[in-house]
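Enquirer: My questions all concern the structure below.
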Amino acid sequence: MKKIVICPHCKGVFDASNLYDSRIRVQCPLCEDWIWLVDCQEVHNTNKLTQEQLISLLQECGFQFYVASGYWRAPDGKRFKELPTDLNNLFKYAVPKLLQEGYKIDIRIRKDETMVVINKGDFLRTGTALKLESALSWAIWEVIHGNPI
Ligand SMILES: [Zn+2]
């Protein structure tokens, strides 16, 4: 299995698949500092959030579901029949909320994967997936529900 980690010094992302023992000290290929592999946060490589997670995420962003009429209401009053989880809505509702709270969002698009890094000071969470939409929703999910470091 591929093991992608984040360097605690430079926040760079590198492949540590060939480093089996997490207790060893390694040299970061990006900043060349010596780091403990055990201090490196591992990057999520799952594909999609579950329906339950998406619902929870939308609620954290201020969406409300009106049971009687069966629609979702966005914080700006806009109504949705279906769960509005497409990329446009993540950018429209979730990203501004995070930026407002002082987070920085960094999107890295590579040939075979997209990584979204969200951080505020030393707090850092990532989401990795093929599509930006999934990577972004994972990263946001990790910020809201991930355990603090
Ligand atoms: Zn580094």
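Following the order of the structure tokens, chains are lettered A, B, ..., residues in each are numbered from 1, and ligands are numbered from 1.
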Using only C-alpha atoms and all ligand atoms, determine which residues fall within 6 Å of ligand 1, then list them as a VMD selection string.

Expert: chain A and resid 7 9 to 10 12 28 30 to 33

Enquirer: With N, CA and C atoms kept, could you save the residues just selected as a PDB file, in the first residue's frame?

Expert:
```
ATOM      1  N   CYS A   7       5.702  16.150   5.837  1.00  0.00           N
ATOM      2  CA  CYS A   7       6.852  16.512   6.663  1.00  0.00           C
ATOM      3  C   CYS A   7       6.410  17.546   7.709  1.00  0.00           C
ATOM      4  N   HIS A   9       8.158  19.595   9.287  1.00  0.00           N
ATOM      5  CA  HIS A   9       8.946  20.834   9.211  1.00  0.00           C
ATOM      6  C   HIS A   9       8.522  21.733   8.062  1.00  0.00           C
ATOM      7  N   CYS A  10       8.502  21.175   6.837  1.00  0.00           N
ATOM      8  CA  CYS A  10       8.228  22.027   5.679  1.00  0.00           C
ATOM      9  C   CYS A  10       6.802  21.860   5.166  1.00  0.00           C
ATOM     10  N   GLY A  12       5.749  19.682   3.434  1.00  0.00           N
ATOM     11  CA  GLY A  12       5.791  19.076   2.104  1.00  0.00           C
ATOM     12  C   GLY A  12       5.274  17.647   2.159  1.00  0.00           C
ATOM     13  N   CYS A  28      13.940  14.321   5.123  1.00  0.00           N
ATOM     14  CA  CYS A  28      12.857  14.759   4.241  1.00  0.00           C
ATOM     15  C   CYS A  28      13.437  15.066   2.858  1.00  0.00           C
ATOM     16  N   LEU A  30      12.358  16.893   0.670  1.00  0.00           N
ATOM     17  CA  LEU A  30      12.042  18.246   0.215  1.00  0.00           C
ATOM     18  C   LEU A  30      12.865  19.316   0.930  1.00  0.00           C
ATOM     19  N   CYS A  31      12.835  19.308   2.278  1.00  0.00           N
ATOM     20  CA  CYS A  31      13.589  20.341   3.000  1.00  0.00           C
ATOM     21  C   CYS A  31      14.927  19.799   3.508  1.00  0.00           C
ATOM     22  N   GLU A  32      15.109  18.472   3.386  1.00  0.00           N
ATOM     23  CA  GLU A  32      16.341  17.795   3.795  1.00  0.00           C
ATOM     24  C   GLU A  32      16.615  17.837   5.297  1.00  0.00           C
ATOM     25  N   ASP A  33      15.604  18.210   6.078  1.00  0.00           N
ATOM     26  CA  ASP A  33      15.741  18.142   7.535  1.00  0.00           C
ATOM     27  C   ASP A  33      15.576  16.686   7.965  1.00  0.00           C
TER      28      ASP A  33
END
```

Enquirer: Which residues in range 11-120 of chain A does DSSP call helix (DSSP H, G or I)? List them as a list in words.

Expert: Leu37, Val38, Asp39, Gln51, Glu52, Gln53, Leu54, Ile55, Ser56, Leu57, Leu58, Gln59, Glu60, Leu87, Asn88, Asn89, Leu90, Phe91, Lys92, Tyr93, Ala94, Val95, Pro96, Lys97, Leu98, Leu99 and Gln100 of chain A

Enquirer: Include N, CA and C atoms and write out the residues we just selected as a short mmCIF file (atom, residue, chain, number, x, y, z; two decimals), in the first residue's frame.

Expert:
```cif
data_model
loop_
_atom_site.label_atom_id
_atom_site.label_comp_id
_atom_site.auth_asym_id
_atom_site.auth_seq_id
_atom_site.Cartn_x
_atom_site.Cartn_y
_atom_site.Cartn_z
N LEU A 37 9.79 9.57 11.35
CA LEU A 37 8.65 9.15 10.52
C LEU A 37 7.36 9.13 11.34
N VAL A 38 7.50 8.84 12.61
CA VAL A 38 6.33 8.76 13.49
C VAL A 38 5.67 10.14 13.67
N ASP A 39 6.44 11.21 13.43
CA ASP A 39 5.90 12.57 13.55
C ASP A 39 5.18 13.04 12.28
N GLN A 51 -22.61 9.22 2.52
CA GLN A 51 -23.78 10.10 2.53
C GLN A 51 -23.95 10.75 3.91
N GLU A 52 -23.77 9.94 4.93
CA GLU A 52 -23.91 10.42 6.31
C GLU A 52 -22.90 11.54 6.61
N GLN A 53 -21.66 11.34 6.15
CA GLN A 53 -20.62 12.34 6.38
C GLN A 53 -20.92 13.63 5.61
N LEU A 54 -21.44 13.48 4.40
CA LEU A 54 -21.77 14.65 3.60
C LEU A 54 -22.88 15.47 4.26
N ILE A 55 -23.87 14.77 4.79
CA ILE A 55 -24.97 15.45 5.47
C ILE A 55 -24.44 16.23 6.66
N SER A 56 -23.58 15.57 7.43
CA SER A 56 -23.00 16.22 8.60
C SER A 56 -22.18 17.45 8.19
N LEU A 57 -21.44 17.30 7.10
CA LEU A 57 -20.60 18.40 6.60
C LEU A 57 -21.46 19.61 6.20
N LEU A 58 -22.54 19.33 5.50
CA LEU A 58 -23.44 20.40 5.07
C LEU A 58 -24.05 21.12 6.27
N GLN A 59 -24.38 20.36 7.28
CA GLN A 59 -24.96 20.97 8.47
C GLN A 59 -23.94 21.86 9.19
N GLU A 60 -22.68 21.40 9.20
CA GLU A 60 -21.62 22.22 9.79
C GLU A 60 -21.46 23.54 9.04
N LEU A 87 -18.90 20.48 -6.36
CA LEU A 87 -17.75 21.33 -6.10
C LEU A 87 -18.13 22.81 -5.93
N ASN A 88 -19.03 23.29 -6.78
CA ASN A 88 -19.44 24.69 -6.69
C ASN A 88 -19.95 25.05 -5.31
N ASN A 89 -20.74 24.15 -4.75
CA ASN A 89 -21.31 24.44 -3.44
C ASN A 89 -20.30 24.32 -2.32
N LEU A 90 -19.34 23.42 -2.48
CA LEU A 90 -18.27 23.35 -1.47
C LEU A 90 -17.48 24.65 -1.47
N PHE A 91 -17.21 25.18 -2.67
CA PHE A 91 -16.49 26.44 -2.76
C PHE A 91 -17.33 27.59 -2.24
N LYS A 92 -18.62 27.54 -2.55
CA LYS A 92 -19.50 28.64 -2.21
C LYS A 92 -19.80 28.73 -0.71
N TYR A 93 -19.95 27.59 -0.06
CA TYR A 93 -20.37 27.61 1.34
C TYR A 93 -19.31 27.17 2.34
N ALA A 94 -18.57 26.13 2.01
CA ALA A 94 -17.62 25.61 3.00
C ALA A 94 -16.31 26.39 3.01
N VAL A 95 -15.78 26.69 1.83
CA VAL A 95 -14.49 27.37 1.75
C VAL A 95 -14.50 28.76 2.42
N PRO A 96 -15.52 29.60 2.14
CA PRO A 96 -15.53 30.91 2.81
C PRO A 96 -15.61 30.81 4.33
N LYS A 97 -16.34 29.78 4.81
CA LYS A 97 -16.46 29.58 6.25
C LYS A 97 -15.08 29.29 6.86
N LEU A 98 -14.32 28.46 6.18
CA LEU A 98 -12.98 28.11 6.68
C LEU A 98 -12.03 29.31 6.60
N LEU A 99 -12.08 30.04 5.48
CA LEU A 99 -11.21 31.21 5.32
C LEU A 99 -11.52 32.25 6.39
N GLN A 100 -12.81 32.42 6.65
CA GLN A 100 -13.27 33.37 7.66
C GLN A 100 -12.71 33.00 9.04
#
```

Enquirer: Can you work out the spacing between CA of Lys120 in chain A and CA of Leu49 in chain A in Å, to one decimal?

Expert: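 Answer for the CA of Lys120 in chain A to CA of Leu49 in chain A separation: 22.8 Å.
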
Enquirer: Return as a ChimeraX atom specification the full set of residues in chain A whose backbone-based DSSP assignment is strand (DSSP E).

Expert: /A:4-6,13-15,25-27,34-36,41-42,64-66,71-73,79-80,104-109,114-120,123-129

Enquirer: What is the distance, in Å and to one decimal place, between CA of Ile144 in chain A and CA of Val13 in chain A?

Expert: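 One can read the CA of Ile144 in chain A to CA of Val13 in chain A distance as 21.5 Å.
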
Enquirer: As an exercise, work out the distance from CA of Thr85 in chain A to CA of Asp122 in chain A in Å and give it to one decimal place.

Expert: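 If I compute the distance from CA of Thr85 in chain A to CA of Asp122 in chain A, I get 28.4 Å.
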
Enquirer: Name all residues at most 6 Å from Ala129 in chain A (count only C-alpha atoms; drop same-chain ones fewer than 5 positions away) and give them as number ranges by chain.

Expert: A: 47, 113-114, 134-135

Enquirer: Using only C-alpha atoms, which protein or nucleic acid residues come within 12 Å of Trp36 in chain A? Drop anything in the same chain fewer than 3 positions from it, and give the result as a list in words.

Expert: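 Surrounding residues, per the criterion: Val5, Ile6, Cys7, Pro8, His9, Ala16, Leu19, Asp21, Ser22, Arg23, Ile24, Arg25, Val26, Gln27, Cys28, Asp33, Asp39, Cys40 and Gln41 of chain A.
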
Enquirer: Store the residues picked out above in a file with C-alpha atoms, as a JSON list (two decimals), in the first residue's frame.

Expert:
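Result file is again-v6.json:
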```json
[["chain", "number", "residue", "atom", "x", "y", "z"],
["A", 5, "VAL", "CA", 3.10, 11.52, 4.53],
["A", 6, "ILE", "CA", 3.54, 15.18, 5.37],
["A", 7, "CYS", "CA", 6.85, 16.51, 6.66],
["A", 8, "PRO", "CA", 6.26, 18.25, 10.03],
["A", 9, "HIS", "CA", 8.95, 20.83, 9.21],
["A", 16, "ALA", "CA", 7.25, 7.02, 2.37],
["A", 19, "LEU", "CA", 10.05, 3.16, 4.79],
["A", 21, "ASP", "CA", 9.71, 1.18, 10.30],
["A", 22, "SER", "CA", 7.94, 4.28, 11.62],
["A", 23, "ARG", "CA", 10.44, 4.55, 14.51],
["A", 24, "ILE", "CA", 13.34, 5.50, 12.29],
["A", 25, "ARG", "CA", 14.68, 8.94, 11.54],
["A", 26, "VAL", "CA", 14.58, 9.93, 7.90],
["A", 27, "GLN", "CA", 15.73, 12.85, 5.83],
["A", 28, "CYS", "CA", 12.86, 14.76, 4.24],
["A", 33, "ASP", "CA", 15.74, 18.14, 7.54],
["A", 39, "ASP", "CA", 5.90, 12.57, 13.55],
["A", 40, "CYS", "CA", 4.67, 12.65, 9.96],
["A", 41, "GLN", "CA", 0.95, 12.82, 9.41]]
```

Enquirer: Would you pick out the contacts of Thr126 in chain A at 8 Å or less, using only C-alpha atoms, so that residues sharing its chain but fewer than 6 positions from it are not included, and give the list as a count of residues only?

Expert: 10
